[in-house]
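Shown next: query.pdb, containing PDB, C-alpha atoms and all ligand atoms.
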```
ATOM      1  CA  MET A   1     -16.969  -4.525  28.600  1.00  0.00           C
ATOM      2  CA  LYS A   2     -14.100  -3.094  26.546  1.00  0.00           C
ATOM      3  CA  SER A   3     -15.235  -1.441  23.295  1.00  0.00           C
ATOM      4  CA  PRO A   4     -13.767  -2.964  20.110  1.00  0.00           C
ATOM      5  CA  CYS A   5     -10.771  -1.149  18.697  1.00  0.00           C
ATOM      6  CA  THR A   6     -10.776  -0.429  14.973  1.00  0.00           C
ATOM      7  CA  ALA A   7      -7.553   0.505  13.200  1.00  0.00           C
ATOM      8  CA  LEU A   8      -7.262   1.993   9.743  1.00  0.00           C
ATOM      9  CA  TYR A   9      -4.277   1.168   7.528  1.00  0.00           C
ATOM     10  CA  PRO A  10      -4.045   3.809   4.784  1.00  0.00           C
ATOM     11  CA  GLY A  11      -1.893   3.750   1.677  1.00  0.00           C
ATOM     12  CA  THR A  12      -1.955   3.984  -2.076  1.00  0.00           C
ATOM     13  CA  PHE A  13      -1.427   0.222  -2.605  1.00  0.00           C
ATOM     14  CA  ASP A  14      -0.478   0.618  -6.274  1.00  0.00           C
ATOM     15  CA  PRO A  15      -0.425  -2.385  -6.238  1.00  0.00           C
ATOM     16  CA  ILE A  16      -0.637  -4.232  -2.906  1.00  0.00           C
ATOM     17  CA  THR A  17       2.557  -6.233  -2.219  1.00  0.00           C
ATOM     18  CA  HIS A  18       3.508  -9.038   0.171  1.00  0.00           C
ATOM     19  CA  GLY A  19       4.907  -6.292   2.435  1.00  0.00           C
ATOM     20  CA  HIS A  20       1.464  -4.701   2.700  1.00  0.00           C
ATOM     21  CA  THR A  21      -0.365  -8.017   3.235  1.00  0.00           C
ATOM     22  CA  ASP A  22       2.139  -8.977   5.923  1.00  0.00           C
ATOM     23  CA  LEU A  23       1.402  -5.718   7.703  1.00  0.00           C
ATOM     24  CA  VAL A  24      -2.383  -6.149   7.416  1.00  0.00           C
ATOM     25  CA  SER A  25      -2.096  -9.685   8.874  1.00  0.00           C
ATOM     26  CA  ARG A  26      -0.108  -8.343  11.824  1.00  0.00           C
ATOM     27  CA  ALA A  27      -2.595  -5.528  12.415  1.00  0.00           C
ATOM     28  CA  ALA A  28      -5.503  -7.991  12.200  1.00  0.00           C
ATOM     29  CA  ARG A  29      -3.965  -9.958  15.074  1.00  0.00           C
ATOM     30  CA  VAL A  30      -3.656  -6.855  17.270  1.00  0.00           C
ATOM     31  CA  PHE A  31      -6.891  -4.972  16.532  1.00  0.00           C
ATOM     32  CA  ASP A  32     -10.495  -6.159  16.551  1.00  0.00           C
ATOM     33  CA  HIS A  33     -11.181  -4.735  13.122  1.00  0.00           C
ATOM     34  CA  VAL A  34      -8.814  -3.391  10.463  1.00  0.00           C
ATOM     35  CA  ILE A  35      -9.880  -1.117   7.632  1.00  0.00           C
ATOM     36  CA  VAL A  36      -7.511  -1.162   4.681  1.00  0.00           C
ATOM     37  CA  ALA A  37      -8.088   2.327   3.304  1.00  0.00           C
ATOM     38  CA  ILE A  38      -6.944   2.817  -0.261  1.00  0.00           C
ATOM     39  CA  ALA A  39      -6.250   6.459  -1.016  1.00  0.00           C
ATOM     40  CA  GLU A  40      -7.150   7.803  -4.419  1.00  0.00           C
ATOM     41  CA  SER A  41      -3.772   9.670  -4.303  1.00  0.00           C
ATOM     42  CA  PRO A  42      -4.217  11.635  -7.549  1.00  0.00           C
ATOM     43  CA  HIS A  43      -0.867  13.412  -6.897  1.00  0.00           C
ATOM     44  CA  LYS A  44       0.879  10.031  -7.396  1.00  0.00           C
ATOM     45  CA  THR A  45      -0.914   9.439 -10.740  1.00  0.00           C
ATOM     46  CA  PRO A  46      -1.546   5.798  -9.816  1.00  0.00           C
ATOM     47  CA  PHE A  47      -0.874   3.055 -12.326  1.00  0.00           C
ATOM     48  CA  PHE A  48      -4.065   1.174 -11.378  1.00  0.00           C
ATOM     49  CA  SER A  49      -7.478   2.790 -10.951  1.00  0.00           C
ATOM     50  CA  LEU A  50      -8.851   3.023  -7.426  1.00  0.00           C
ATOM     51  CA  GLU A  51     -11.435   0.313  -8.225  1.00  0.00           C
ATOM     52  CA  LYS A  52      -8.719  -2.030  -9.505  1.00  0.00           C
ATOM     53  CA  ARG A  53      -6.491  -1.389  -6.461  1.00  0.00           C
ATOM     54  CA  ILE A  54      -9.433  -2.287  -4.195  1.00  0.00           C
ATOM     55  CA  GLU A  55     -10.159  -5.439  -6.220  1.00  0.00           C
ATOM     56  CA  LEU A  56      -6.490  -6.495  -6.138  1.00  0.00           C
ATOM     57  CA  ALA A  57      -6.217  -5.876  -2.391  1.00  0.00           C
ATOM     58  CA  ALA A  58      -9.348  -7.968  -1.831  1.00  0.00           C
ATOM     59  CA  SER A  59      -7.795 -10.831  -3.825  1.00  0.00           C
ATOM     60  CA  GLN A  60      -4.797 -10.894  -1.455  1.00  0.00           C
ATOM     61  CA  LEU A  61      -6.619 -10.539   1.845  1.00  0.00           C
ATOM     62  CA  SER A  62      -9.530 -12.962   1.475  1.00  0.00           C
ATOM     63  CA  ASP A  63      -8.290 -15.213   4.302  1.00  0.00           C
ATOM     64  CA  LEU A  64      -8.680 -12.513   6.972  1.00  0.00           C
ATOM     65  CA  ASP A  65     -12.169 -12.139   8.390  1.00  0.00           C
ATOM     66  CA  ASN A  66     -11.800  -9.028  10.565  1.00  0.00           C
ATOM     67  CA  ILE A  67     -10.798  -6.682   7.783  1.00  0.00           C
ATOM     68  CA  GLU A  68     -12.590  -4.386   5.369  1.00  0.00           C
ATOM     69  CA  ILE A  69     -11.224  -2.746   2.222  1.00  0.00           C
ATOM     70  CA  VAL A  70     -12.426   0.686   1.189  1.00  0.00           C
ATOM     71  CA  GLY A  71     -11.359   3.548  -1.038  1.00  0.00           C
ATOM     72  CA  PHE A  72     -11.197   7.166   0.119  1.00  0.00           C
ATOM     73  CA  SER A  73     -10.378  10.552  -1.288  1.00  0.00           C
ATOM     74  CA  ASN A  74     -10.841  12.948   1.611  1.00  0.00           C
ATOM     75  CA  LEU A  75      -8.604  13.998   4.497  1.00  0.00           C
ATOM     76  CA  LEU A  76      -7.276  10.924   6.285  1.00  0.00           C
ATOM     77  CA  VAL A  77      -8.218  11.993   9.833  1.00  0.00           C
ATOM     78  CA  ASP A  78     -11.763  12.836   8.662  1.00  0.00           C
ATOM     79  CA  PHE A  79     -12.079   9.426   7.069  1.00  0.00           C
ATOM     80  CA  VAL A  80     -10.717   7.709  10.195  1.00  0.00           C
ATOM     81  CA  GLN A  81     -13.423   9.371  12.277  1.00  0.00           C
ATOM     82  CA  GLU A  82     -16.116   8.706   9.663  1.00  0.00           C
ATOM     83  CA  LYS A  83     -15.277   5.002   9.954  1.00  0.00           C
ATOM     84  CA  GLY A  84     -15.307   5.059  13.774  1.00  0.00           C
ATOM     85  CA  ALA A  85     -11.615   4.110  13.994  1.00  0.00           C
ATOM     86  CA  ARG A  86      -9.259   5.353  16.690  1.00  0.00           C
ATOM     87  CA  VAL A  87      -5.896   4.251  15.361  1.00  0.00           C
ATOM     88  CA  ILE A  88      -3.967   4.778  12.116  1.00  0.00           C
ATOM     89  CA  VAL A  89      -1.539   1.947  11.409  1.00  0.00           C
ATOM     90  CA  ARG A  90       1.514   2.586   9.280  1.00  0.00           C
ATOM     91  CA  GLY A  91       4.465   0.402   8.406  1.00  0.00           C
ATOM     92  CA  LEU A  92       8.093   1.227   9.111  1.00  0.00           C
ATOM     93  CA  ARG A  93      10.313  -0.728   6.743  1.00  0.00           C
ATOM     94  CA  ALA A  94      13.592   1.027   7.457  1.00  0.00           C
ATOM     95  CA  VAL A  95      14.991   4.031   9.289  1.00  0.00           C
ATOM     96  CA  SER A  96      14.570   6.009   6.064  1.00  0.00           C
ATOM     97  CA  ASP A  97      10.770   5.701   6.401  1.00  0.00           C
ATOM     98  CA  PHE A  98      10.832   7.287   9.828  1.00  0.00           C
ATOM     99  CA  GLU A  99      11.225  10.953   8.959  1.00  0.00           C
ATOM    100  CA  TYR A 100       8.281  11.004   6.539  1.00  0.00           C
ATOM    101  CA  GLU A 101       6.118   8.886   8.811  1.00  0.00           C
ATOM    102  CA  PHE A 102       6.915  11.061  11.835  1.00  0.00           C
ATOM    103  CA  GLN A 103       5.879  14.156   9.841  1.00  0.00           C
ATOM    104  CA  LEU A 104       2.660  12.466   8.674  1.00  0.00           C
ATOM    105  CA  ALA A 105       1.783  11.292  12.200  1.00  0.00           C
ATOM    106  CA  SER A 106       2.497  14.727  13.693  1.00  0.00           C
ATOM    107  CA  MET A 107       0.383  16.481  11.062  1.00  0.00           C
ATOM    108  CA  ASN A 108      -2.474  14.043  11.650  1.00  0.00           C
ATOM    109  CA  ARG A 109      -2.227  14.499  15.425  1.00  0.00           C
ATOM    110  CA  ASN A 110      -2.362  18.279  15.007  1.00  0.00           C
ATOM    111  CA  LEU A 111      -5.417  17.912  12.799  1.00  0.00           C
ATOM    112  CA  CYS A 112      -7.134  15.518  15.194  1.00  0.00           C
ATOM    113  CA  GLU A 113      -5.914  14.913  18.747  1.00  0.00           C
ATOM    114  CA  GLU A 114      -8.152  11.848  19.277  1.00  0.00           C
ATOM    115  CA  VAL A 115      -6.574   9.702  16.578  1.00  0.00           C
ATOM    116  CA  GLU A 116      -3.325   7.886  17.399  1.00  0.00           C
ATOM    117  CA  THR A 117      -0.795   6.582  14.876  1.00  0.00           C
ATOM    118  CA  MET A 118       0.844   3.234  15.607  1.00  0.00           C
ATOM    119  CA  PHE A 119       3.703   1.659  13.677  1.00  0.00           C
ATOM    120  CA  LEU A 120       4.313  -1.963  12.820  1.00  0.00           C
ATOM    121  CA  THR A 121       7.335  -3.408  11.077  1.00  0.00           C
ATOM    122  CA  PRO A 122       6.914  -5.885   8.239  1.00  0.00           C
ATOM    123  CA  ASP A 123       8.790  -9.172   8.028  1.00  0.00           C
ATOM    124  CA  GLU A 124      12.467  -8.476   7.248  1.00  0.00           C
ATOM    125  CA  ARG A 125      12.038 -10.313   3.935  1.00  0.00           C
ATOM    126  CA  TYR A 126       9.811  -7.493   2.717  1.00  0.00           C
ATOM    127  CA  GLY A 127      11.708  -4.487   4.081  1.00  0.00           C
ATOM    128  CA  PHE A 128      12.965  -3.341   0.686  1.00  0.00           C
ATOM    129  CA  ILE A 129       9.774  -3.753  -1.332  1.00  0.00           C
ATOM    130  CA  SER A 130       7.885  -0.761  -2.676  1.00  0.00           C
ATOM    131  CA  SER A 131       5.071  -0.658  -5.191  1.00  0.00           C
ATOM    132  CA  THR A 132       7.122   1.592  -7.491  1.00  0.00           C
ATOM    133  CA  LEU A 133      10.011  -0.904  -7.606  1.00  0.00           C
ATOM    134  CA  VAL A 134       7.645  -3.821  -8.217  1.00  0.00           C
ATOM    135  CA  ARG A 135       6.033  -1.960 -11.140  1.00  0.00           C
ATOM    136  CA  GLU A 136       9.432  -1.106 -12.598  1.00  0.00           C
ATOM    137  CA  VAL A 137      10.777  -4.663 -12.333  1.00  0.00           C
ATOM    138  CA  ALA A 138       7.572  -6.057 -13.878  1.00  0.00           C
ATOM    139  CA  ARG A 139       7.628  -3.490 -16.676  1.00  0.00           C
ATOM    140  CA  LEU A 140      11.152  -4.527 -17.650  1.00  0.00           C
ATOM    141  CA  GLY A 141      10.227  -8.199 -17.704  1.00  0.00           C
ATOM    142  CA  GLY A 142      11.688  -9.161 -14.284  1.00  0.00           C
ATOM    143  CA  ASP A 143      10.141 -11.812 -12.047  1.00  0.00           C
ATOM    144  CA  VAL A 144       8.049 -10.243  -9.276  1.00  0.00           C
ATOM    145  CA  ALA A 145       6.526 -13.508  -7.978  1.00  0.00           C
ATOM    146  CA  GLN A 146       8.365 -13.254  -4.665  1.00  0.00           C
ATOM    147  CA  PHE A 147       7.027  -9.743  -3.987  1.00  0.00           C
ATOM    148  CA  VAL A 148       3.363  -9.942  -5.028  1.00  0.00           C
ATOM    149  CA  GLY A 149       0.600 -12.523  -5.398  1.00  0.00           C
ATOM    150  CA  PRO A 150      -0.144 -14.190  -8.779  1.00  0.00           C
ATOM    151  CA  GLU A 151      -3.280 -12.034  -9.272  1.00  0.00           C
ATOM    152  CA  ILE A 152      -1.149  -8.904  -8.994  1.00  0.00           C
ATOM    153  CA  GLU A 153       1.503 -10.267 -11.353  1.00  0.00           C
ATOM    154  CA  GLN A 154      -1.185 -10.972 -13.935  1.00  0.00           C
ATOM    155  CA  ALA A 155      -2.815  -7.565 -13.471  1.00  0.00           C
ATOM    156  CA  LEU A 156       0.554  -5.854 -13.942  1.00  0.00           C
ATOM    157  CA  GLN A 157       1.162  -7.722 -17.190  1.00  0.00           C
ATOM    158  CA  GLU A 158      -2.329  -6.911 -18.481  1.00  0.00           C
ATOM    159  CA  GLN A 159      -2.000  -3.245 -17.574  1.00  0.00           C
ATOM    160  CA  PHE A 160       1.419  -2.979 -19.239  1.00  0.00           C
ATOM    161  CA  ARG A 161       0.014  -4.586 -22.373  1.00  0.00           C
ATOM    162  CA  LEU A 162      -2.710  -1.919 -22.402  1.00  0.00           C
ATOM    163  CA  THR A 163      -0.407   1.024 -21.764  1.00  0.00           C
ATOM    164  CA  ASP A 164       2.903   0.005 -23.416  1.00  0.00           C
ATOM    165  CA  GLY A 165       1.781  -2.391 -26.139  1.00  0.00           C
ATOM    166  CA  PRO A 166       2.730  -6.079 -26.423  1.00  0.00           C
ATOM    167  CA  ASN A 167       6.554  -5.827 -26.559  1.00  0.00           C
ATOM    168  CA  ILE A 168       7.621  -4.315 -23.288  1.00  0.00           C
ATOM    169  CA  ALA A 169      10.592  -6.553 -22.463  1.00  0.00           C
ATOM    170  CA  PRO A 170      13.831  -4.632 -22.937  1.00  0.00           C
ATOM    171  CA  VAL A 171      15.795  -5.340 -26.061  1.00  0.00           C
ATOM    172  CA  GLY A 172      19.468  -6.083 -25.296  1.00  0.00           C
ATOM    173  CA  ILE A 173      21.859  -3.331 -26.231  1.00  0.00           C
ATOM    174  CA  GLU A 174      23.764  -4.397 -29.312  1.00  0.00           C
ATOM    175  CA  PRO A 175      27.586  -4.347 -29.097  1.00  0.00           C
ATOM    176  CA  HIS A 176      28.957  -1.209 -30.639  1.00  0.00           C
ATOM    177  CA  SER A 177      29.983  -1.938 -34.204  1.00  0.00           C
ATOM    178  CA  LYS A 178      32.610   0.083 -36.028  1.00  0.00           C
TER     179      LYS A 178
HETATM  180  N1  LIG A 201       5.519  -3.131   2.323  1.00  0.00           N
HETATM  181  C1  LIG A 201       5.864  -2.750   1.103  1.00  0.00           C
HETATM  182  N2  LIG A 201       5.790  -1.477   0.685  1.00  0.00           N
HETATM  183  C2  LIG A 201       5.356  -0.562   1.546  1.00  0.00           C
HETATM  184  C3  LIG A 201       4.963  -0.895   2.841  1.00  0.00           C
HETATM  185  C4  LIG A 201       5.070  -2.257   3.225  1.00  0.00           C
HETATM  186  N3  LIG A 201       4.738  -2.667   4.438  1.00  0.00           N
HETATM  187  N4  LIG A 201       4.572   0.231   3.461  1.00  0.00           N
HETATM  188  C5  LIG A 201       4.707   1.229   2.592  1.00  0.00           C
HETATM  189  N5  LIG A 201       5.179   0.753   1.435  1.00  0.00           N
HETATM  190  C6  LIG A 201       5.526   1.541   0.246  1.00  0.00           C
HETATM  191  C7  LIG A 201       4.380   1.734  -0.681  1.00  0.00           C
HETATM  192  O1  LIG A 201       4.318   0.712  -1.624  1.00  0.00           O
HETATM  193  C8  LIG A 201       4.722   3.057  -1.300  1.00  0.00           C
HETATM  194  O2  LIG A 201       5.621   2.838  -2.328  1.00  0.00           O
HETATM  195  P1  LIG A 201       5.589   3.728  -3.611  1.00  0.00           P
HETATM  196  O3  LIG A 201       5.693   5.157  -3.176  1.00  0.00           O
HETATM  197  O4  LIG A 201       6.741   3.196  -4.331  1.00  0.00           O
HETATM  198  O5  LIG A 201       4.288   3.431  -4.259  1.00  0.00           O
HETATM  199  C9  LIG A 201       5.481   3.816  -0.247  1.00  0.00           C
HETATM  200  O6  LIG A 201       5.924   2.851   0.657  1.00  0.00           O
HETATM  201  C10 LIG A 201       4.643   4.850   0.406  1.00  0.00           C
HETATM  202  O7  LIG A 201       3.632   4.239   1.146  1.00  0.00           O
HETATM  203  P2  LIG A 201       2.060   4.308   0.902  1.00  0.00           P
HETATM  204  O8  LIG A 201       1.488   3.371   1.874  1.00  0.00           O
HETATM  205  O9  LIG A 201       1.671   4.123  -0.502  1.00  0.00           O
HETATM  206  O10 LIG A 201       1.749   5.692   1.383  1.00  0.00           O
HETATM  207  P3  LIG A 201       1.630   6.980   0.572  1.00  0.00           P
HETATM  208  O11 LIG A 201       2.785   7.796   1.001  1.00  0.00           O
HETATM  209  O12 LIG A 201       1.379   6.850  -0.857  1.00  0.00           O
HETATM  210  O13 LIG A 201       0.253   7.499   1.145  1.00  0.00           O
HETATM  211  C11 LIG A 201      -1.301   8.323   2.719  1.00  0.00           C
HETATM  212  C12 LIG A 201       0.143   7.978   2.387  1.00  0.00           C
HETATM  213  C13 LIG A 201      -2.319   7.706   1.785  1.00  0.00           C
HETATM  214  C14 LIG A 201      -1.512   7.791   4.102  1.00  0.00           C
HETATM  215  C15 LIG A 201      -1.382   9.848   2.692  1.00  0.00           C
HETATM  216  O14 LIG A 201      -1.062  10.331   1.399  1.00  0.00           O
HETATM  217  C16 LIG A 201      -2.749  10.340   3.084  1.00  0.00           C
HETATM  218  O15 LIG A 201      -3.065  10.355   4.247  1.00  0.00           O
HETATM  219  N6  LIG A 201      -3.576  10.734   2.101  1.00  0.00           N
HETATM  220  C17 LIG A 201      -4.931  11.212   2.335  1.00  0.00           C
HETATM  221  C18 LIG A 201      -5.008  12.734   2.246  1.00  0.00           C
HETATM  222  C19 LIG A 201      -4.466  13.366   3.522  1.00  0.00           C
HETATM  223  O16 LIG A 201      -5.064  13.298   4.566  1.00  0.00           O
HETATM  224  N7  LIG A 201      -3.324  14.019   3.401  1.00  0.00           N
HETATM  225  C20 LIG A 201      -2.680  14.663   4.524  1.00  0.00           C
HETATM  226  C21 LIG A 201      -1.871  13.674   5.299  1.00  0.00           C
HETATM  227  S1  LIG A 201      -1.075  14.430   6.674  1.00  0.00           S
END
```
Take the structure in the file and give it back as structure tokens.
Amino acid sequence: MKSPCTALYPGTFDPITHGHTDLVSRAARVFDHVIVAIAESPHKTPFFSLEKRIELAASQLSDLDNIEIVGFSNLLVDFVQEKGARVIVRGLRAVSDFEYEFQLASMNRNLCEEVETMFLTPDERYGFISSTLVREVARLGGDVAQFVGPEIEQALQEQFRLTDGPNIAPVGIEPHSK
């Protein structure tokens, strides 16, 4: 009998967007088990804590039963092996992602020959989304409902209230008076 194939989808997920959930759903149809691995990524100074990013990801992925969501802070290939996975899944949204992803995959292969990286492409509707852009649009009072789930929208607003104070919407620039 064929042994089950576990894939690990790593990222910072700060926060998880519809682009990420679309990718997880696709991976969950291809692999027996998918581990959504949320990197601590201290070099990115994440907006949400690791615990909150895990909680938010769980709120978006509750309808998938062959997935698991975990945080990690060690070397990716070590974590992949620790979890008994054989494949790293990454998303390619546009050609511009390729160079970085190719470098990441090559580094990981050099660190661990047994682990393969596979790429999936998200739905074209989500090709331009990034967590940074979603945070910026939300911070300036824009509507992010088409990019993230309602739980994420609410968490963004709460977090901005905590960090920026209550009045974060931009004030219109007054016409120049003489
Ligand atoms: N839909 C929407 N956005 C997507 C997306 C998708 N399908 N796929 C990626 N993105 C966005 C992310 O939101 C993120 O945007 P941001 O930078 O604006 O936040 C951006 O693309 C980068 O992707 P992300 O998945 O967050 O990856 P990352 O570059 O932050 O992290 C890790 C990459 C976690 C895999 C890497 O840092 C890692 O392996 N860390 C562990 C330590 C390690 O082993 N390092 C050596 C690696 S060789």
Residues within 12 Å of A:Ser106, all atoms listed in the file, excluding chain neighbours under 4 positions, as a list in words: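 My reading of the contact set: Val77, Ile88, Phe98, Glu99, Tyr100, Glu101, Phe102, Asn110, Leu111, Cys112, Glu113, Val115, Glu116, Thr117 and Met118 of chain A.
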Using only C-alpha atoms, please write the residues we just selected to a file, as a compact mmCIF listing (two decimals), in the coordinates of the input.
```
# COMPACT_ATOMS: atom_id res chain seq x y z
CA VAL A 77 -8.22 11.99 9.83
CA ILE A 88 -3.97 4.78 12.12
CA PHE A 98 10.83 7.29 9.83
CA GLU A 99 11.22 10.95 8.96
CA TYR A 100 8.28 11.00 6.54
CA GLU A 101 6.12 8.89 8.81
CA PHE A 102 6.92 11.06 11.84
CA ASN A 110 -2.36 18.28 15.01
CA LEU A 111 -5.42 17.91 12.80
CA CYS A 112 -7.13 15.52 15.19
CA GLU A 113 -5.91 14.91 18.75
CA VAL A 115 -6.57 9.70 16.58
CA GLU A 116 -3.32 7.89 17.40
CA THR A 117 -0.80 6.58 14.88
CA MET A 118 0.84 3.23 15.61
```
Neighbourhood of ligand LIG 201 (chain A) at 6 Å, counting only C-alpha atoms and all ligand atoms, reported as a PyMOL selection string: chain A and resi 10-14+17+19-20+23+39+74-76+91+104+107-108+122+129-132
Spatial neighbours of A:Phe47, max dist 9 Å, all atoms listed in the file, sep filter under 4 positions, as an MDAnalysis selection string: chainID A and resid 14:15 135 159
Please produce an output containing C-alpha atoms for each residue in the selection, written as a CSV table (one decimal), keeping the file's coordinate frame.
```
chain,number,residue,atom,x,y,z
A,14,ASP,CA,-0.5,0.6,-6.3
A,15,PRO,CA,-0.4,-2.4,-6.2
A,135,ARG,CA,6.0,-2.0,-11.1
A,159,GLN,CA,-2.0,-3.2,-17.6
```
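The gap separating atom CA of A:Arg53 from atom CA of A:Val89 is 18.8 Å, in Å to one decimal.
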Pairwise distance for atom CA of A:Arg109 and atom CA of A:Cys5, rounded to one decimal in Å: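 Straight-line distance from atom CA of A:Arg109 to atom CA of A:Cys5 works out to 18.1 Å.
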Nearby residues (only C-alpha atoms) at most 10 Å from A:Asp65, same-chain spacing under 2 positions excluded, as a compact mmCIF listing (two decimals) with C-alpha atoms, in the coordinates of the input:
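Final output, around39.txt:
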```txt
# COMPACT_ATOMS: atom_id res chain seq x y z
CA ALA A 28 -5.50 -7.99 12.20
CA HIS A 33 -11.18 -4.74 13.12
CA VAL A 34 -8.81 -3.39 10.46
CA LEU A 61 -6.62 -10.54 1.84
CA SER A 62 -9.53 -12.96 1.48
CA ASP A 63 -8.29 -15.21 4.30
CA ILE A 67 -10.80 -6.68 7.78
CA GLU A 68 -12.59 -4.39 5.37
```
Point-to-point distance from atom CA of A:Asp32 to atom CA of A:Ile69, Å rounded to tenths: 14.7 Å
Exercise: residues within 9 Å of coordinate (-5.6, -3.6, -12.2), counting all atoms listed in the file, as a VMD selection string: chain A and resid 14 to 15 47 to 56 152 154 to 156 158 to 159
Reference answer for the PyMOL selection byres (((chain A and resi 121) around 9) and not hetatm), as a PyMOL selection string: chain A and resi 23+26+90-94+119-120+122-124+127
